[in-house]
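Below is the file my_file_25.txt, which contains compact mmCIF, C-alpha atoms.
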```
# COMPACT_ATOMS: atom_id res chain seq x y z
CA ALA A 1 -87.03 68.33 -280.27
CA GLN A 2 -85.45 66.39 -283.06
CA SER A 3 -85.07 62.64 -283.02
CA VAL A 4 -83.22 60.36 -285.40
CA THR A 5 -84.13 56.77 -286.13
CA GLN A 6 -81.67 54.26 -287.52
CA LEU A 7 -83.84 51.20 -287.92
CA ASP A 8 -81.06 48.67 -288.35
CA SER A 9 -78.73 48.22 -285.41
CA GLN A 10 -76.56 45.71 -287.29
CA VAL A 11 -76.08 45.12 -291.01
CA PRO A 12 -73.92 42.21 -292.21
CA VAL A 13 -72.99 42.30 -295.88
CA PHE A 14 -70.58 40.40 -298.08
CA GLU A 15 -67.55 42.14 -299.51
CA GLU A 16 -68.21 43.86 -302.85
CA ALA A 17 -71.98 43.75 -302.29
CA PRO A 18 -74.06 46.95 -302.11
CA VAL A 19 -75.34 48.30 -298.81
CA GLU A 20 -77.92 50.82 -297.61
CA LEU A 21 -78.03 52.15 -294.06
CA ARG A 22 -81.33 53.83 -293.29
CA CYS A 23 -81.86 57.08 -291.41
CA ASN A 24 -85.07 58.97 -290.71
CA TYR A 25 -85.45 62.14 -288.68
CA SER A 26 -88.50 63.50 -286.95
CA SER A 27 -89.01 67.06 -288.03
CA SER A 28 -89.64 68.62 -291.41
CA VAL A 29 -88.17 72.00 -290.47
CA SER A 30 -85.03 73.06 -292.26
CA VAL A 31 -82.20 70.78 -291.26
CA TYR A 32 -78.59 69.98 -291.87
CA LEU A 33 -77.84 66.26 -292.08
CA PHE A 34 -74.65 64.32 -291.41
CA TRP A 35 -73.26 60.82 -291.45
CA TYR A 36 -70.38 60.01 -289.11
CA VAL A 37 -68.31 56.82 -288.95
CA GLN A 38 -66.78 55.43 -285.77
CA TYR A 39 -64.08 52.77 -285.67
CA PRO A 40 -63.55 50.78 -282.42
CA ASN A 41 -62.29 52.94 -279.55
CA GLN A 42 -62.11 55.97 -281.79
CA GLY A 43 -63.97 59.24 -282.04
CA LEU A 44 -66.38 60.08 -284.83
CA GLN A 45 -65.20 61.00 -288.30
CA LEU A 46 -67.40 63.06 -290.59
CA LEU A 47 -68.27 60.97 -293.63
CA LEU A 48 -70.56 63.33 -295.53
CA LYS A 49 -73.00 66.17 -295.01
CA TYR A 50 -76.04 67.81 -296.56
CA LEU A 51 -76.33 71.54 -295.97
CA SER A 52 -78.13 72.80 -299.07
CA GLY A 53 -78.23 72.43 -302.83
CA SER A 54 -78.07 69.03 -304.50
CA THR A 55 -79.91 66.40 -302.50
CA LEU A 56 -77.33 63.75 -303.40
CA VAL A 57 -74.04 64.09 -301.56
CA GLU A 58 -70.95 61.93 -301.87
CA SER A 59 -67.91 61.06 -299.78
CA ILE A 60 -64.37 60.54 -301.01
CA ASN A 61 -64.48 56.79 -300.32
CA GLY A 62 -67.52 55.90 -302.41
CA PHE A 63 -70.43 56.44 -300.00
CA GLU A 64 -73.38 58.60 -300.99
CA ALA A 65 -76.52 59.79 -299.24
CA GLU A 66 -79.71 61.33 -300.55
CA PHE A 67 -81.76 63.90 -298.69
CA ASN A 68 -85.48 63.26 -299.13
CA LYS A 69 -87.45 66.06 -297.51
CA SER A 70 -90.91 64.55 -298.05
CA GLN A 71 -89.88 61.29 -296.40
CA THR A 72 -87.57 63.00 -293.85
CA SER A 73 -84.87 60.52 -294.73
CA PHE A 74 -81.12 60.59 -295.37
CA HIS A 75 -80.15 57.02 -296.27
CA LEU A 76 -76.50 56.10 -296.78
CA ARG A 77 -75.50 53.85 -299.67
CA LYS A 78 -72.42 52.28 -301.16
CA PRO A 79 -72.51 50.18 -304.35
CA SER A 80 -69.61 47.90 -303.34
CA VAL A 81 -68.29 47.59 -299.80
CA HIS A 82 -64.76 46.75 -298.64
CA ILE A 83 -63.55 45.03 -295.49
CA SER A 84 -62.24 48.39 -294.33
CA ASP A 85 -65.79 49.77 -294.25
CA THR A 86 -66.53 47.66 -291.17
CA ALA A 87 -67.43 50.24 -288.52
CA GLU A 88 -70.38 51.87 -286.79
CA TYR A 89 -72.23 54.57 -288.69
CA PHE A 90 -74.19 57.38 -287.06
CA CYS A 91 -76.73 59.65 -288.69
CA ALA A 92 -77.13 63.11 -287.15
CA VAL A 93 -79.39 66.12 -287.65
CA MET A 94 -79.09 69.81 -286.79
CA ASP A 95 -81.91 72.38 -286.99
CA SER A 96 -80.56 74.92 -289.46
CA GLY A 97 -82.80 77.79 -288.43
CA ALA A 98 -82.80 77.47 -284.66
CA GLY A 99 -79.50 79.22 -283.97
CA SER A 100 -78.39 76.06 -282.21
CA TYR A 101 -75.45 73.97 -283.31
CA GLN A 102 -76.55 70.92 -281.34
CA LEU A 103 -76.39 67.60 -283.15
CA THR A 104 -78.98 64.91 -282.46
CA PHE A 105 -77.68 61.44 -283.27
CA GLY A 106 -79.30 58.13 -284.03
CA LYS A 107 -78.32 55.01 -282.10
CA GLY A 108 -75.98 53.88 -284.84
CA THR A 109 -75.75 50.99 -287.30
CA LYS A 110 -72.91 48.51 -287.08
CA LEU A 111 -71.80 47.51 -290.55
CA SER A 112 -69.95 44.21 -290.72
CA VAL A 113 -68.37 43.35 -294.05
CA ILE A 114 -67.89 39.61 -294.50
CA PRO A 115 -64.97 38.39 -296.63
CA ASP B 1 -53.01 70.45 -288.81
CA THR B 2 -53.78 68.64 -285.58
CA GLY B 3 -57.30 67.53 -284.85
CA VAL B 4 -59.27 67.83 -281.64
CA SER B 5 -57.18 66.51 -278.77
CA GLN B 6 -58.60 65.02 -275.58
CA ASP B 7 -56.77 64.07 -272.42
CA PRO B 8 -56.76 61.57 -270.85
CA ARG B 9 -57.89 58.87 -273.27
CA HIS B 10 -58.91 56.59 -270.41
CA LYS B 11 -59.79 57.25 -266.77
CA ILE B 12 -60.74 54.77 -264.08
CA THR B 13 -61.98 56.30 -260.86
CA LYS B 14 -63.69 55.21 -257.69
CA ARG B 15 -67.26 56.21 -257.05
CA GLY B 16 -67.43 59.53 -255.25
CA GLN B 17 -64.19 60.91 -256.66
CA ASN B 18 -63.95 64.01 -258.84
CA VAL B 19 -62.54 63.82 -262.37
CA THR B 20 -61.56 66.46 -264.90
CA PHE B 21 -61.13 66.05 -268.65
CA ARG B 22 -59.43 68.41 -271.05
CA CYS B 23 -60.20 69.19 -274.67
CA ASP B 24 -58.04 71.18 -277.08
CA PRO B 25 -60.06 72.12 -280.18
CA ILE B 26 -58.73 72.63 -283.68
CA SER B 27 -56.89 75.93 -283.86
CA GLU B 28 -59.12 78.88 -284.80
CA HIS B 29 -62.34 76.96 -284.17
CA ASN B 30 -64.57 79.19 -282.08
CA ARG B 31 -67.27 76.65 -281.16
CA LEU B 32 -66.64 73.75 -278.83
CA TYR B 33 -69.01 70.97 -277.78
CA TRP B 34 -69.13 68.17 -275.24
CA TYR B 35 -71.09 64.98 -275.89
CA ARG B 36 -71.50 61.77 -273.92
CA GLN B 37 -71.77 58.33 -275.51
CA THR B 38 -72.84 55.24 -273.60
CA LEU B 39 -72.60 51.68 -274.85
CA GLY B 40 -74.94 50.99 -277.73
CA GLN B 41 -76.08 54.57 -278.05
CA GLY B 42 -75.28 57.53 -280.22
CA PRO B 43 -73.59 60.57 -278.71
CA GLU B 44 -75.81 62.85 -276.60
CA PHE B 45 -75.26 66.58 -276.43
CA LEU B 46 -74.10 67.98 -273.10
CA THR B 47 -73.02 71.57 -273.63
CA TYR B 48 -71.65 74.06 -276.15
CA PHE B 49 -69.36 77.08 -276.06
CA GLN B 50 -68.93 79.89 -278.51
CA ASN B 51 -65.55 81.36 -277.65
CA GLU B 52 -65.58 81.50 -273.83
CA ALA B 53 -69.37 81.77 -273.46
CA GLN B 54 -71.34 78.66 -272.54
CA LEU B 55 -74.45 79.08 -274.69
CA GLU B 56 -76.32 75.81 -274.30
CA LYS B 57 -76.59 73.17 -271.61
CA SER B 58 -78.52 69.94 -271.85
CA ARG B 59 -80.72 68.82 -268.99
CA LEU B 60 -78.43 65.77 -268.98
CA LEU B 61 -75.82 68.04 -267.43
CA SER B 62 -76.60 67.64 -263.75
CA ASP B 63 -75.28 69.92 -261.03
CA ARG B 64 -72.35 67.56 -260.59
CA PHE B 65 -71.10 68.45 -264.06
CA SER B 66 -69.37 71.71 -264.88
CA ALA B 67 -67.62 72.82 -268.05
CA GLU B 68 -65.40 75.80 -268.67
CA ARG B 69 -63.59 77.40 -271.57
CA PRO B 70 -61.80 80.22 -269.81
CA LYS B 71 -59.92 81.84 -272.67
CA GLY B 72 -61.93 80.58 -275.57
CA SER B 73 -59.33 77.97 -276.41
CA PHE B 74 -59.16 74.68 -274.47
CA SER B 75 -62.06 73.43 -272.36
CA THR B 76 -62.39 71.31 -269.24
CA LEU B 77 -65.26 69.11 -268.14
CA GLU B 78 -65.39 68.26 -264.44
CA ILE B 79 -67.59 65.64 -262.84
CA GLN B 80 -67.91 65.83 -259.08
CA ARG B 81 -68.84 62.89 -256.85
CA THR B 82 -68.81 60.43 -259.72
CA GLU B 83 -71.46 57.72 -259.92
CA GLN B 84 -71.42 54.42 -261.79
CA GLY B 85 -73.94 55.86 -264.23
CA ASP B 86 -71.33 58.42 -265.30
CA SER B 87 -69.33 55.64 -266.97
CA ALA B 88 -69.27 56.58 -270.65
CA MET B 89 -67.17 57.96 -273.48
CA TYR B 90 -66.94 61.74 -273.26
CA LEU B 91 -66.46 63.30 -276.68
CA CYS B 92 -65.32 66.80 -277.47
CA ALA B 93 -65.86 68.45 -280.85
CA SER B 94 -65.18 71.81 -282.43
CA SER B 95 -66.49 73.80 -285.38
CA PRO B 96 -65.04 76.64 -287.39
CA ARG B 97 -66.50 80.13 -287.38
CA ASP B 98 -67.72 79.77 -290.95
CA GLY B 99 -69.01 76.21 -290.82
CA VAL B 100 -71.48 73.98 -289.00
CA GLU B 101 -69.83 70.59 -289.20
CA ALA B 102 -68.38 69.30 -285.95
CA PHE B 103 -64.97 67.63 -285.83
CA PHE B 104 -64.62 65.14 -282.99
CA GLY B 105 -61.74 64.11 -280.82
CA GLN B 106 -61.02 60.51 -279.92
CA GLY B 107 -62.81 60.79 -276.61
CA THR B 108 -62.10 60.10 -272.97
CA ARG B 109 -63.44 56.79 -271.72
CA LEU B 110 -64.50 57.06 -268.07
CA THR B 111 -65.03 53.97 -265.94
CA VAL B 112 -66.43 54.48 -262.43
CA VAL B 113 -65.88 51.50 -260.15
```

Take the structure in this file and express it as structure tokens.
Amino acid sequence: AQSVTQLDSQVPVFEEAPVELRCNYSSSVSVYLFWYVQYPNQGLQLLLKYLSGSTLVESINGFEAEFNKSQTSFHLRKPSVHISDTAEYFCAVMDSGAGSYQLTFGKGTKLSVIP
Amino acid sequence: DTGVSQDPRHKITKRGQNVTFRCDPISEHNRLYWYRQTLGQGPEFLTYFQNEAQLEKSRLLSDRFSAERPKGSFSTLEIQRTEQGDSAMYLCASSPRDGVEAFFGQGTRLTVV
């Protein structure tokens, strides 16, 4: 069974500073990888995804993540954060070859952007 | 285009009562999922439907839990004889036929007192 580790439960960062949220998953089988963002009392919104092709994927609001198969990682980065980026971020993995569409999530990282 | 809709948004119930939640997926999405999220944790998979067929069930889904998707459109999740440990956010998601990404609703927050 897959597992996802998000090492940092909370990350405070000053506005306009860069940030990296780390994500590692357990298995080296073929996977699809996702980052979701959750605002207070809201559901999850898909931020970006890796399915195949280029290992660097980007979102429309300036986030990017890089799939590293050898390190089984999918870290999320942003070069300059805004106050509006304050939220909880979840990394998730899906086995691409198992015929299952089940997502396994990490415990989440709370990003707090300080003015 | 409306997103995934869940009803109710909040439910407070007494221990031992039965509760039922509804999920309306995005139109034309043939896969529907239920997840549970407790405080400080990521969502955990409960069950998954492809059209009206329930194809996967987590061992987290005890006998007190039942989910249906009778016509392959909306789905219901029922919890019988609720316990305090059932208090959580219940999230529904759907996926299109030609994609794998899941689109989530805003969730139903259940509090068992």

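Nearest to Pro96 (chain B) of all the residues B:Arg64, B:Arg22, B:Lys11, B:Arg31 is B:Arg31, counting only C-alpha atoms.
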
Taking (-86.7, 65.5, -286.2) in the file's own coordinates, collect the residues within 8 Å, counting only C-alpha atoms, and hand them back as a PyMOL selection string. chain A and resi 1-4+25-29+93

Create the file for the chosen residues now, containing C-alpha atoms and written as a tab-separated table (two decimals), in the coordinates of the input.
```tsv
chain	number	residue	atom	x	y	z
A	1	ALA	CA	-87.03	68.33	-280.27
A	2	GLN	CA	-85.45	66.39	-283.06
A	3	SER	CA	-85.07	62.64	-283.02
A	4	VAL	CA	-83.22	60.36	-285.40
A	25	TYR	CA	-85.45	62.14	-288.68
A	26	SER	CA	-88.50	63.50	-286.95
A	27	SER	CA	-89.01	67.06	-288.03
A	28	SER	CA	-89.64	68.62	-291.41
A	29	VAL	CA	-88.17	72.00	-290.47
A	93	VAL	CA	-79.39	66.12	-287.65
```

Closest-contact table, chain A side, partner chain B, 6 Å, counting all atoms listed in the file, as CSV:
```
residue,atom,partner,partner_atom,distance
A:Gln42,CA,B:Gln106,CA,5.0
A:Gly43,CA,B:Gln106,CA,3.8
A:Leu44,CA,B:Phe104,CA,5.7
A:Phe105,CA,B:Gly42,CA,5.5
A:Gly106,CA,B:Gly42,CA,5.6
A:Lys107,CA,B:Gly42,CA,4.4
A:Gly108,CA,B:Gly42,CA,5.9
```

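A straight line drawn from CA of Arg81 (chain B) to CA of Asn41 (chain A) is 25.6 Å long.
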
His75 (chain A) surroundings by only C-alpha atoms, 12 Å radius, close-in-sequence under 2 positions cut, as a PyMOL selection string: chain A and resi 4-8+19-25+33-35+48-50+55-58+63-69+71-73+77-78+89-92+109

Padding of 8 Å on every side, edges along x, y and z, all listed atoms of region 87-91 of chain A included: what centre and edge lengths in Å, to one decimal, does that box have, as AutoDock Vina command-line options?
```
--center_x -72.1 --center_y 54.9 --center_z -287.7 --size_x 25.3 --size_y 25.4 --size_z 17.9
```

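Here CA of Arg15 (chain B) is placed at a distance of 14.6 Å from CA of Phe65 (chain B).
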
What does the distance between CA of Pro18 (chain A) and CA of Thr86 (chain A) come to in Å, to one decimal place? 13.3 Å

Quick one: everything within 10 Å of Ile83 (chain A), counting all atoms listed in the file, minus sequence neighbours fewer than 4 positions away in the same chain. Send it as a PyMOL selection string. chain A and resi 13-16+87+111-115

Please provide as number ranges by chain all residues within 10 Å of Val19 (chain B), with the sequence filter that same-chain residues fewer than 4 positions apart are discarded (counting all atoms listed in the file). B: 11-14, 65, 77-82, 110

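Counting all atoms listed in the file, the residue from B:Thr2, B:Gln17, B:Asn51, B:Thr111 that sits nearest to Gly72 (chain B) is B:Asn51.
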
Excluding region 73-76 of chain B and any residue of its chain fewer than 6 positions from it, enumerate the residues within 8 Å of it, using all atoms listed in the file, and give them as a ChimeraX atom specification. /B:20-25,30,32,51-52,67

Nearest to Gly3 (chain B) among A:Gln45, A:Ser70, A:Pro40, A:Gly99, with distances taken over only C-alpha atoms: which residue is it?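 Ranked by minimum distance to Gly3 (chain B), first place goes to A:Gln45.
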
What would region 37-68 of chain B look like with N, CA and C atoms in place, written as a compact mmCIF listing (two decimals), in the frame of the given file?
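Generated output (result.txt):
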```txt
# COMPACT_ATOMS: atom_id res chain seq x y z
N GLN B 37 -71.32 59.52 -274.77
CA GLN B 37 -71.77 58.33 -275.51
C GLN B 37 -71.69 57.12 -274.60
N THR B 38 -72.82 56.48 -274.37
CA THR B 38 -72.84 55.24 -273.60
C THR B 38 -72.94 54.07 -274.56
N LEU B 39 -72.68 52.89 -274.03
CA LEU B 39 -72.60 51.68 -274.85
C LEU B 39 -73.90 51.45 -275.62
N GLY B 40 -73.77 51.29 -276.90
CA GLY B 40 -74.94 50.99 -277.73
C GLY B 40 -75.79 52.18 -278.09
N GLN B 41 -75.32 53.35 -277.76
CA GLN B 41 -76.08 54.57 -278.05
C GLN B 41 -75.27 55.53 -278.91
N GLY B 42 -75.97 56.45 -279.55
CA GLY B 42 -75.28 57.53 -280.22
C GLY B 42 -74.87 58.60 -279.22
N PRO B 43 -73.98 59.48 -279.61
CA PRO B 43 -73.59 60.57 -278.71
C PRO B 43 -74.78 61.45 -278.34
N GLU B 44 -74.76 61.93 -277.09
CA GLU B 44 -75.81 62.85 -276.60
C GLU B 44 -75.16 64.17 -276.23
N PHE B 45 -75.78 65.24 -276.66
CA PHE B 45 -75.26 66.58 -276.43
C PHE B 45 -75.28 66.92 -274.95
N LEU B 46 -74.18 67.51 -274.48
CA LEU B 46 -74.10 67.98 -273.10
C LEU B 46 -74.10 69.50 -273.02
N THR B 47 -73.15 70.13 -273.73
CA THR B 47 -73.02 71.57 -273.63
C THR B 47 -72.22 72.11 -274.81
N TYR B 48 -72.27 73.43 -274.99
CA TYR B 48 -71.65 74.06 -276.15
C TYR B 48 -71.16 75.45 -275.78
N PHE B 49 -69.96 75.77 -276.28
CA PHE B 49 -69.36 77.08 -276.06
C PHE B 49 -69.16 77.78 -277.39
N GLN B 50 -69.38 79.07 -277.41
CA GLN B 50 -68.93 79.89 -278.51
C GLN B 50 -67.91 80.85 -277.90
N ASN B 51 -66.67 80.70 -278.32
CA ASN B 51 -65.55 81.36 -277.65
C ASN B 51 -65.58 80.95 -276.18
N GLU B 52 -65.60 81.90 -275.24
CA GLU B 52 -65.58 81.50 -273.83
C GLU B 52 -66.98 81.40 -273.23
N ALA B 53 -68.00 81.75 -273.99
CA ALA B 53 -69.37 81.77 -273.46
C ALA B 53 -70.04 80.41 -273.62
N GLN B 54 -70.59 79.92 -272.51
CA GLN B 54 -71.34 78.66 -272.54
C GLN B 54 -72.77 79.01 -272.94
N LEU B 55 -73.18 78.64 -274.15
CA LEU B 55 -74.45 79.08 -274.69
C LEU B 55 -75.59 78.09 -274.54
N GLU B 56 -75.27 76.82 -274.45
CA GLU B 56 -76.32 75.81 -274.30
C GLU B 56 -75.88 74.75 -273.32
N LYS B 57 -76.83 74.28 -272.53
CA LYS B 57 -76.59 73.17 -271.61
C LYS B 57 -77.76 72.22 -271.68
N SER B 58 -77.48 70.95 -271.84
CA SER B 58 -78.52 69.94 -271.85
C SER B 58 -79.00 69.67 -270.43
N ARG B 59 -80.24 69.21 -270.33
CA ARG B 59 -80.72 68.82 -268.99
C ARG B 59 -79.99 67.57 -268.50
N LEU B 60 -79.26 66.90 -269.41
CA LEU B 60 -78.43 65.77 -268.98
C LEU B 60 -77.29 66.23 -268.09
N LEU B 61 -76.95 67.50 -268.19
CA LEU B 61 -75.82 68.04 -267.43
C LEU B 61 -76.29 68.40 -266.03
N SER B 62 -76.14 67.41 -265.12
CA SER B 62 -76.60 67.64 -263.75
C SER B 62 -75.69 68.63 -263.05
N ASP B 63 -76.07 68.97 -261.82
CA ASP B 63 -75.28 69.92 -261.03
C ASP B 63 -73.88 69.41 -260.73
N ARG B 64 -73.67 68.12 -260.86
CA ARG B 64 -72.35 67.56 -260.59
C ARG B 64 -71.38 67.80 -261.75
N PHE B 65 -71.91 68.22 -262.87
CA PHE B 65 -71.10 68.45 -264.06
C PHE B 65 -70.87 69.95 -264.23
N SER B 66 -69.64 70.32 -264.54
CA SER B 66 -69.37 71.71 -264.88
C SER B 66 -68.33 71.76 -266.00
N ALA B 67 -68.54 72.67 -266.92
CA ALA B 67 -67.62 72.82 -268.05
C ALA B 67 -67.19 74.27 -268.13
N GLU B 68 -65.95 74.45 -268.53
CA GLU B 68 -65.40 75.80 -268.67
C GLU B 68 -64.58 75.89 -269.95
```
